[in-house]
>>> print(open('final18.cif').read())   # mmCIF, C-alpha atoms
data_entry
#
loop_
_atom_site.group_PDB
_atom_site.id
_atom_site.type_symbol
_atom_site.label_atom_id
_atom_site.label_comp_id
_atom_site.auth_asym_id
_atom_site.auth_seq_id
_atom_site.Cartn_x
_atom_site.Cartn_y
_atom_site.Cartn_z
ATOM 1 C CA MET A 137 17.359 -6.727 36.058
ATOM 2 C CA ALA A 138 20.599 -5.492 37.587
ATOM 3 C CA ALA A 139 20.853 -1.915 38.839
ATOM 4 C CA SER A 140 23.328 0.241 36.910
ATOM 5 C CA GLY A 141 26.330 1.824 38.598
ATOM 6 C CA THR A 142 26.736 -0.745 41.435
ATOM 7 C CA GLY A 143 30.059 -1.972 42.667
ATOM 8 C CA GLU A 144 29.081 -5.523 41.822
ATOM 9 C CA GLU A 145 28.494 -4.607 38.189
ATOM 10 C CA ASN A 146 31.835 -2.768 37.906
ATOM 11 C CA SER A 147 33.681 -5.734 39.363
ATOM 12 C CA LYS A 148 32.608 -8.068 36.577
ATOM 13 C CA PRO A 149 35.501 -9.535 34.561
ATOM 14 C CA SER A 150 36.116 -8.501 30.941
ATOM 15 C CA LYS A 151 33.937 -10.278 28.380
ATOM 16 C CA LYS A 152 36.481 -10.163 25.563
ATOM 17 C CA ASP A 153 37.353 -13.848 25.593
ATOM 18 C CA ALA A 154 34.497 -15.090 27.727
ATOM 19 C CA THR A 155 32.047 -17.766 26.718
ATOM 20 C CA PRO A 156 28.726 -16.240 25.536
ATOM 21 C CA PRO A 157 26.111 -16.045 28.323
ATOM 22 C CA ASP A 158 24.331 -19.333 28.938
ATOM 23 C CA THR A 159 20.923 -18.047 29.981
ATOM 24 C CA PHE A 160 18.284 -15.930 28.308
ATOM 25 C CA ASN A 161 17.943 -13.486 31.220
ATOM 26 C CA GLU A 162 21.690 -13.054 31.674
ATOM 27 C CA PHE A 163 22.092 -11.773 28.141
ATOM 28 C CA TYR A 164 19.491 -9.053 28.647
ATOM 29 C CA THR A 165 20.930 -8.107 32.018
ATOM 30 C CA GLU A 166 24.310 -7.467 30.441
ATOM 31 C CA VAL A 167 22.913 -4.996 27.928
ATOM 32 C CA LYS A 168 20.573 -3.227 30.356
ATOM 33 C CA ALA A 169 22.736 -0.121 30.461
ATOM 34 C CA ILE A 170 22.419 0.314 26.697
ATOM 35 C CA GLU A 171 18.683 -0.312 26.791
ATOM 36 C CA HIS A 172 18.267 2.245 29.563
ATOM 37 C CA ARG A 173 20.177 4.808 27.525
ATOM 38 C CA ASP A 174 17.921 4.227 24.515
ATOM 39 C CA SER A 175 14.738 4.204 26.603
ATOM 40 C CA VAL A 176 15.037 7.900 27.482
ATOM 41 C CA LEU A 177 15.002 9.120 23.890
ATOM 42 C CA THR A 178 12.986 12.248 23.110
ATOM 43 C CA SER A 179 9.773 12.167 21.081
ATOM 44 C CA LYS A 180 11.637 13.032 17.894
ATOM 45 C CA GLN A 181 14.299 10.394 18.541
ATOM 46 C CA GLN A 182 11.616 7.777 19.194
ATOM 47 C CA LEU A 183 9.894 8.693 15.930
ATOM 48 C CA ASP A 184 13.250 8.403 14.158
ATOM 49 C CA ARG A 185 13.821 5.004 15.746
ATOM 50 C CA LEU A 186 10.370 3.579 15.018
ATOM 51 C CA CYS A 187 10.250 4.971 11.465
ATOM 52 C CA ARG A 188 13.851 4.297 10.450
ATOM 53 C CA PRO A 189 14.580 2.527 7.139
ATOM 54 C CA GLY A 190 13.606 -1.118 7.514
ATOM 55 C CA SER A 191 11.245 -0.368 10.397
ATOM 56 C CA THR A 192 8.610 -2.617 8.799
ATOM 57 C CA TYR A 193 10.763 -5.552 9.868
ATOM 58 C CA PHE A 194 12.522 -4.042 12.892
ATOM 59 C CA ASN A 195 9.156 -3.293 14.484
ATOM 60 C CA LEU A 196 8.049 -6.923 14.252
ATOM 61 C CA ASN A 197 9.848 -7.514 17.560
ATOM 62 C CA PRO A 198 7.512 -6.065 20.243
ATOM 63 C CA PHE A 199 10.256 -6.151 22.890
ATOM 64 C CA ASP A 200 12.404 -3.965 20.660
ATOM 65 C CA VAL A 201 9.541 -1.581 19.883
ATOM 66 C CA LEU A 202 8.814 -0.981 23.565
ATOM 67 C CA GLN A 203 12.491 -1.364 24.553
ATOM 68 C CA VAL A 204 11.780 -3.782 27.378
ATOM 69 C CA ASP A 205 13.280 -7.035 28.645
ATOM 70 C CA PRO A 206 11.403 -10.239 27.783
ATOM 71 C CA ASP A 207 11.020 -10.975 31.498
ATOM 72 C CA ILE A 208 9.570 -7.556 32.383
ATOM 73 C CA PRO A 209 6.700 -7.766 34.940
ATOM 74 C CA MET A 210 3.284 -7.028 33.475
ATOM 75 C CA ALA A 211 2.794 -3.977 35.690
ATOM 76 C CA ASP A 212 6.062 -2.469 34.410
ATOM 77 C CA LEU A 213 5.132 -3.342 30.835
ATOM 78 C CA LYS A 214 1.899 -1.382 31.160
ATOM 79 C CA LYS A 215 3.775 1.615 32.601
ATOM 80 C CA ARG A 216 6.284 1.460 29.778
ATOM 81 C CA TYR A 217 3.526 1.280 27.185
ATOM 82 C CA LYS A 218 1.728 4.271 28.683
ATOM 83 C CA ALA A 219 4.904 6.371 28.735
ATOM 84 C CA MET A 220 5.867 5.375 25.192
ATOM 85 C CA SER A 221 2.388 5.912 23.739
ATOM 86 C CA ILE A 222 2.261 9.412 25.214
ATOM 87 C CA LEU A 223 5.718 10.173 23.841
ATOM 88 C CA VAL A 224 4.813 9.276 20.243
ATOM 89 C CA HIS A 225 1.110 10.171 20.241
ATOM 90 C CA PRO A 226 0.093 12.245 17.167
ATOM 91 C CA ASP A 227 -1.491 14.883 19.430
ATOM 92 C CA LYS A 228 1.918 15.428 21.045
ATOM 93 C CA ASN A 229 3.671 15.630 17.680
ATOM 94 C CA GLN A 230 1.564 18.003 15.600
ATOM 95 C CA ASP A 231 4.583 18.926 13.476
ATOM 96 C CA ASP A 232 5.168 15.301 12.473
ATOM 97 C CA VAL A 233 1.724 13.671 12.559
ATOM 98 C CA GLU A 234 2.314 11.055 9.855
ATOM 99 C CA ARG A 235 5.372 9.522 11.503
ATOM 100 C CA ALA A 236 3.768 9.868 14.918
ATOM 101 C CA GLN A 237 0.736 7.891 13.735
ATOM 102 C CA ARG A 238 2.955 5.113 12.361
ATOM 103 C CA SER A 239 4.942 5.009 15.595
ATOM 104 C CA PHE A 240 1.817 5.043 17.752
ATOM 105 C CA GLU A 241 0.377 2.118 15.801
ATOM 106 C CA ALA A 242 3.638 0.175 16.188
ATOM 107 C CA VAL A 243 3.631 0.769 19.949
ATOM 108 C CA ASN A 244 -0.020 -0.285 20.251
ATOM 109 C CA LYS A 245 0.559 -3.447 18.231
ATOM 110 C CA ALA A 246 3.608 -4.371 20.305
ATOM 111 C CA TYR A 247 1.723 -3.887 23.562
ATOM 112 C CA LYS A 248 -1.295 -5.928 22.424
ATOM 113 C CA THR A 249 1.054 -8.740 21.439
ATOM 114 C CA LEU A 250 2.869 -8.819 24.774
ATOM 115 C CA VAL A 251 -0.151 -8.525 27.065
ATOM 116 C CA ASN A 252 -1.469 -11.654 25.359
ATOM 117 C CA GLU A 253 0.057 -14.637 27.162
ATOM 118 C CA GLU A 254 0.426 -16.718 24.021
ATOM 119 C CA GLY A 255 1.860 -13.794 22.038
ATOM 120 C CA HIS A 256 4.374 -13.018 24.776
ATOM 121 C CA LYS A 257 5.465 -16.648 24.933
ATOM 122 C CA ARG A 258 5.825 -16.938 21.164
ATOM 123 C CA CYS A 259 7.979 -13.796 20.897
ATOM 124 C CA GLY A 260 10.158 -14.954 23.787
ATOM 125 C CA GLU A 261 10.709 -18.263 22.016
ATOM 126 C CA ILE A 262 11.746 -16.462 18.843
ATOM 127 C CA ILE A 263 14.403 -14.480 20.702
ATOM 128 C CA GLU A 264 15.603 -17.590 22.481
ATOM 129 C CA GLU A 265 15.874 -19.355 19.111
ATOM 130 C CA ALA A 266 17.884 -16.424 17.771
ATOM 131 C CA LYS A 267 20.310 -16.829 20.648
ATOM 132 C CA ILE A 268 20.648 -20.576 20.043
ATOM 133 C CA ARG A 269 21.356 -20.009 16.343
ATOM 134 C CA THR A 270 23.882 -17.298 17.124
ATOM 135 C CA ASN A 271 25.741 -19.556 19.550
ATOM 136 C CA GLU A 272 25.763 -22.303 16.925
ATOM 137 C CA MET A 273 27.106 -19.861 14.350
ATOM 138 C CA ILE A 274 29.885 -18.858 16.752
ATOM 139 C CA LYS A 275 30.691 -22.492 17.419
ATOM 140 C CA GLN A 276 30.957 -23.254 13.685
ATOM 141 C CA LYS A 277 33.130 -20.208 13.013
ATOM 142 C CA LYS A 278 35.569 -21.208 15.757
ATOM 143 C CA LYS A 279 35.577 -24.799 14.541
ATOM 144 C CA GLN A 280 36.429 -23.680 11.008
ATOM 145 C CA LEU A 281 39.227 -21.385 12.227
ATOM 146 C CA LYS A 282 40.686 -24.198 14.322
ATOM 147 C CA LYS A 283 40.512 -26.535 11.336
ATOM 148 C CA GLU A 284 42.456 -23.984 9.283
ATOM 149 C CA GLY A 285 45.052 -23.701 12.026
ATOM 150 C CA LYS A 286 44.131 -20.104 12.839
ATOM 151 C CA LYS A 287 43.389 -18.357 16.111
ATOM 152 C CA THR A 288 39.797 -18.890 17.252
ATOM 153 C CA ASN A 289 39.249 -15.346 18.483
ATOM 154 C CA ILE A 290 36.252 -13.766 16.720
ATOM 155 C CA PRO A 291 34.419 -10.422 17.093
ATOM 156 C CA GLU A 292 31.419 -12.142 18.727
ATOM 157 C CA ASP A 293 33.616 -12.951 21.743
ATOM 158 C CA GLU A 294 33.010 -9.359 22.821
ATOM 159 C CA THR A 295 29.659 -8.571 24.404
ATOM 160 C CA GLU A 296 28.765 -5.739 22.007
ATOM 161 C CA HIS A 297 29.383 -7.860 18.906
ATOM 162 C CA TYR A 298 27.633 -10.832 20.495
ATOM 163 C CA LYS A 299 24.612 -8.693 21.314
ATOM 164 C CA HIS A 300 24.520 -7.319 17.782
ATOM 165 C CA ALA A 301 24.741 -10.814 16.272
ATOM 166 C CA ILE A 302 21.733 -11.929 18.317
ATOM 167 C CA TYR A 303 19.866 -8.764 17.359
ATOM 168 C CA VAL A 304 20.491 -9.412 13.653
ATOM 169 C CA GLN A 305 19.419 -13.042 13.976
ATOM 170 C CA THR A 306 16.295 -11.988 15.900
ATOM 171 C CA CYS A 307 15.310 -9.521 13.158
ATOM 172 C CA LYS A 308 15.832 -12.226 10.548
ATOM 173 C CA LEU A 309 13.638 -14.730 12.391
ATOM 174 C CA PHE A 310 10.809 -12.240 12.875
ATOM 175 C CA ALA A 311 11.086 -11.223 9.196
ATOM 176 C CA ASP A 312 11.057 -14.853 8.009
ATOM 177 C CA LEU A 313 7.988 -15.626 10.103
ATOM 178 C CA GLU A 314 6.213 -12.538 8.791
ATOM 179 C CA ARG A 315 6.933 -13.508 5.183
ATOM 180 C CA MET A 316 5.626 -17.014 5.877
ATOM 181 C CA ARG A 317 2.470 -15.532 7.411
ATOM 182 C CA GLN A 318 1.904 -13.300 4.376
ATOM 183 C CA GLU A 319 2.468 -16.186 1.956
ATOM 184 C CA ARG A 320 0.041 -18.362 3.917
ATOM 185 C CA GLU A 321 -2.517 -15.558 3.963
ATOM 186 C CA THR A 322 -2.180 -15.043 0.191
ATOM 187 C CA LYS A 323 -2.526 -18.775 -0.425
ATOM 188 C CA ASP A 324 -5.636 -18.927 1.768
ATOM 189 C CA MET A 325 -7.127 -15.940 -0.056
ATOM 190 C CA HIS A 326 -6.634 -17.603 -3.459
ATOM 191 C CA GLU A 327 -8.099 -20.843 -2.111
ATOM 192 C CA ARG A 328 -11.187 -19.022 -0.790
ATOM 193 C CA LYS A 329 -11.575 -17.268 -4.147
ATOM 194 C CA ARG A 330 -11.303 -20.570 -6.025
ATOM 195 C CA LYS A 331 -13.919 -22.217 -3.815
ATOM 196 C CA ALA A 332 -16.234 -19.223 -4.173
ATOM 197 C CA GLU A 333 -15.965 -19.431 -7.979
ATOM 198 C CA GLU A 334 -16.663 -23.173 -7.917
ATOM 199 C CA GLU A 335 -19.711 -22.636 -5.709
ATOM 200 C CA GLU A 336 -20.958 -19.896 -8.049
ATOM 201 C CA ASP A 337 -20.495 -22.169 -11.077
ATOM 202 C CA GLU A 338 -22.389 -24.943 -9.303
ATOM 203 C CA LYS A 339 -25.254 -22.585 -8.457
ATOM 204 C CA GLU A 340 -25.442 -21.467 -12.098
ATOM 205 C CA LYS A 341 -25.522 -25.068 -13.328
ATOM 206 C CA LYS A 342 -28.305 -25.947 -10.885
ATOM 207 C CA LYS A 343 -30.237 -22.854 -11.946
ATOM 208 C CA ILE A 344 -29.996 -23.842 -15.618
ATOM 209 C CA GLU A 345 -30.969 -27.438 -14.834
ATOM 210 C CA THR A 346 -33.968 -26.310 -12.792
ATOM 211 C CA GLU A 347 -35.101 -23.954 -15.543
ATOM 212 C CA TRP A 348 -34.662 -26.686 -18.168
ATOM 213 C CA ASN A 349 -36.735 -29.170 -16.167
ATOM 214 C CA LYS A 350 -39.436 -26.575 -15.573
ATOM 215 C CA ASN A 351 -39.673 -25.734 -19.292
ATOM 216 C CA PHE A 352 -39.695 -29.413 -20.106
ATOM 217 C CA GLU A 353 -42.648 -30.084 -17.794
ATOM 218 C CA ASP A 354 -44.532 -26.958 -18.832
ATOM 219 C CA SER A 355 -44.290 -27.943 -22.494
ATOM 220 C CA ARG A 356 -45.303 -31.592 -21.983
ATOM 221 C CA SER A 357 -48.911 -31.180 -23.177
ATOM 222 C CA ASP A 358 -47.789 -29.167 -26.216
ATOM 223 C CA ARG A 359 -45.347 -31.890 -27.162
ATOM 224 C CA VAL A 360 -48.019 -34.577 -26.841
ATOM 225 C CA ASP A 361 -50.418 -32.585 -29.015
ATOM 226 C CA SER A 362 -47.648 -31.975 -31.539
ATOM 227 C CA TRP A 363 -46.856 -35.681 -31.708
ATOM 228 C CA ARG A 364 -50.488 -36.621 -32.220
ATOM 229 C CA SER A 365 -50.872 -34.054 -34.961
ATOM 230 C CA TRP A 366 -47.761 -35.355 -36.688
ATOM 231 C CA LYS A 367 -49.037 -38.932 -36.583
ATOM 232 C CA LYS A 368 -52.286 -37.788 -38.201
ATOM 233 C CA GLY A 369 -50.305 -36.231 -41.033
ATOM 234 C CA GLY A 370 -50.232 -32.719 -39.729
ATOM 235 C CA LYS A 371 -47.209 -30.503 -39.148
ATOM 236 C CA ARG A 372 -45.395 -30.664 -35.904
ATOM 237 C CA ALA A 373 -45.699 -27.499 -33.873
ATOM 238 C CA LYS A 374 -42.550 -25.494 -33.534
ATOM 239 C CA GLY A 375 -41.214 -23.689 -30.511
ATOM 240 C CA THR A 376 -43.111 -25.763 -27.977
ATOM 241 C CA PHE A 377 -40.029 -26.393 -25.864
ATOM 242 C CA ARG A 378 -37.068 -24.076 -25.464
ATOM 243 C CA PRO A 379 -34.339 -25.229 -23.101
ATOM 244 C CA PRO A 380 -32.434 -22.377 -21.466
ATOM 245 C CA LYS A 381 -29.149 -21.372 -23.025
ATOM 246 C CA PRO A 382 -26.123 -22.045 -20.832
ATOM 247 C CA LYS A 383 -24.262 -18.916 -19.780
ATOM 248 C CA ALA A 384 -20.554 -18.507 -20.415
ATOM 249 C CA GLU A 385 -18.454 -18.942 -17.294
ATOM 250 C CA ASN A 386 -16.815 -15.832 -15.896
ATOM 251 C CA ARG A 387 -13.400 -16.364 -14.325
#
>>> encode(input="final18.cif", output="structure tokens")
Amino acid sequence: MAASGTGEENSKPSKKDATPPDTFNEFYTEVKAIEHRDSVLTSKQQLDRLCRPGSTYFNLNPFDVLQVDPDIPMADLKKRYKAMSILVHPDKNQDDVERAQRSFEAVNKAYKTLVNEEGHKRCGEIIEEAKIRTNEMIKQKKKQLKKEGKKTNIPEDETEHYKHAIYVQTCKLFADLERMRQERETKDMHERKRKAEEEEDEKEKKKIETEWNKNFEDSRSDRVDSWRSWKKGGKRAKGTFRPPKPKAENR
């Protein structure tokens, strides 16, 4: 993470027609100044940011929620989480408890994701994939312009537009993955419900079969006596065996 305001940083050449950064860390270093500016927002501004329209999807990116670089050291991540959680804690925002609670939950979820090694790795891969897709999109746009005989300069040649394009692609990837997770969860829920109904039907069938067999055995002697009486010219006894009535299935 480069320090802001250094001579080295000011001596960097203009990015207007430069090739997009080639490494994951370089991209985040270039936008550090903007991230630092956003990181010092007040409690109200943080609540506005974390509860803005579309926050359900914006807050899927834990790096964005905590406003940290993907390569942040764990010790710094914990400090950032502590500072952020205090800033948006409902007890510190008694005049806006509902939004504070939503923000606090988003911050907690983001932190729990990133302190988990697998979660941190997965989120980093998503952002890296967003960068790869953005670079491919830029490549295709330039290729199309060249094919049409036009100049190949595009807005994404500038750092701010490039950063925004990656941000948009990142949000889309996180949103797509979340929708897939919800669809998978819904499918699993229906499958569990179907299996539970099948198991219940099977139990009911076994119960009826068991009851039928029991009644059949219990009425054996009555049936024998009834048969003997019938052979001797008597009337066959009625009601000696009553199989259970099957119950209608409930679905």
>>> resolve_selection(input="final18.cif", expression="the PyMOL selection byres ((chain A and resi 307) around 9)", output="PDB file with C-alpha atoms, in the frame of the given file")
ATOM      1  CA  TYR A 193      10.763  -5.552   9.868  1.00  0.00           C
ATOM      2  CA  PHE A 194      12.522  -4.042  12.892  1.00  0.00           C
ATOM      3  CA  ASN A 195       9.156  -3.293  14.484  1.00  0.00           C
ATOM      4  CA  LEU A 196       8.049  -6.923  14.252  1.00  0.00           C
ATOM      5  CA  ASN A 197       9.848  -7.514  17.560  1.00  0.00           C
ATOM      6  CA  ALA A 266      17.884 -16.424  17.771  1.00  0.00           C
ATOM      7  CA  ILE A 302      21.733 -11.929  18.317  1.00  0.00           C
ATOM      8  CA  TYR A 303      19.866  -8.764  17.359  1.00  0.00           C
ATOM      9  CA  VAL A 304      20.491  -9.412  13.653  1.00  0.00           C
ATOM     10  CA  GLN A 305      19.419 -13.042  13.976  1.00  0.00           C
ATOM     11  CA  THR A 306      16.295 -11.988  15.900  1.00  0.00           C
ATOM     12  CA  LYS A 308      15.832 -12.226  10.548  1.00  0.00           C
ATOM     13  CA  LEU A 309      13.638 -14.730  12.391  1.00  0.00           C
ATOM     14  CA  PHE A 310      10.809 -12.240  12.875  1.00  0.00           C
ATOM     15  CA  ALA A 311      11.086 -11.223   9.196  1.00  0.00           C
ATOM     16  CA  ASP A 312      11.057 -14.853   8.009  1.00  0.00           C
TER      17      ASP A 312
END
>>> closest_residue(input="final18.cif", among="A:Cys187, A:Asp337, A:Arg258, A:Trp348", to="A:Leu313", atoms="all atoms listed in the file")
A:Arg258
>>> atom_distance(input="final18.cif", atom1="atom CA of A:Lys275", atom2="atom CA of A:Asn289")
11.2 Å
>>> atom_distance(input="final18.cif", atom1="atom CA of A:Met273", atom2="atom CA of A:Gly255")
27.1 Å
>>> closest_residue(input="final18.cif", among="A:Lys267, A:Lys329, A:Lys248, A:His225", to="A:Leu213", atoms="all atoms listed in the file")
A:Lys248
>>> atom_distance(input="final18.cif", atom1="atom CA of A:Tyr247", atom2="atom CA of A:Gly260")
13.9 Å
>>> resolve_selection(input="final18.cif", expression="the PyMOL selection byres ((chain A and resi 243) around 8)", output="VMD selection string")
chain A and resid 198 201 to 202 217 220 to 221 239 to 242 244 to 247
>>> closest_residue(input="final18.cif", among="A:Arg320, A:Lys350, A:Lys283, A:Lys180", to="A:Gln230", atoms="all atoms listed in the file")
A:Lys180
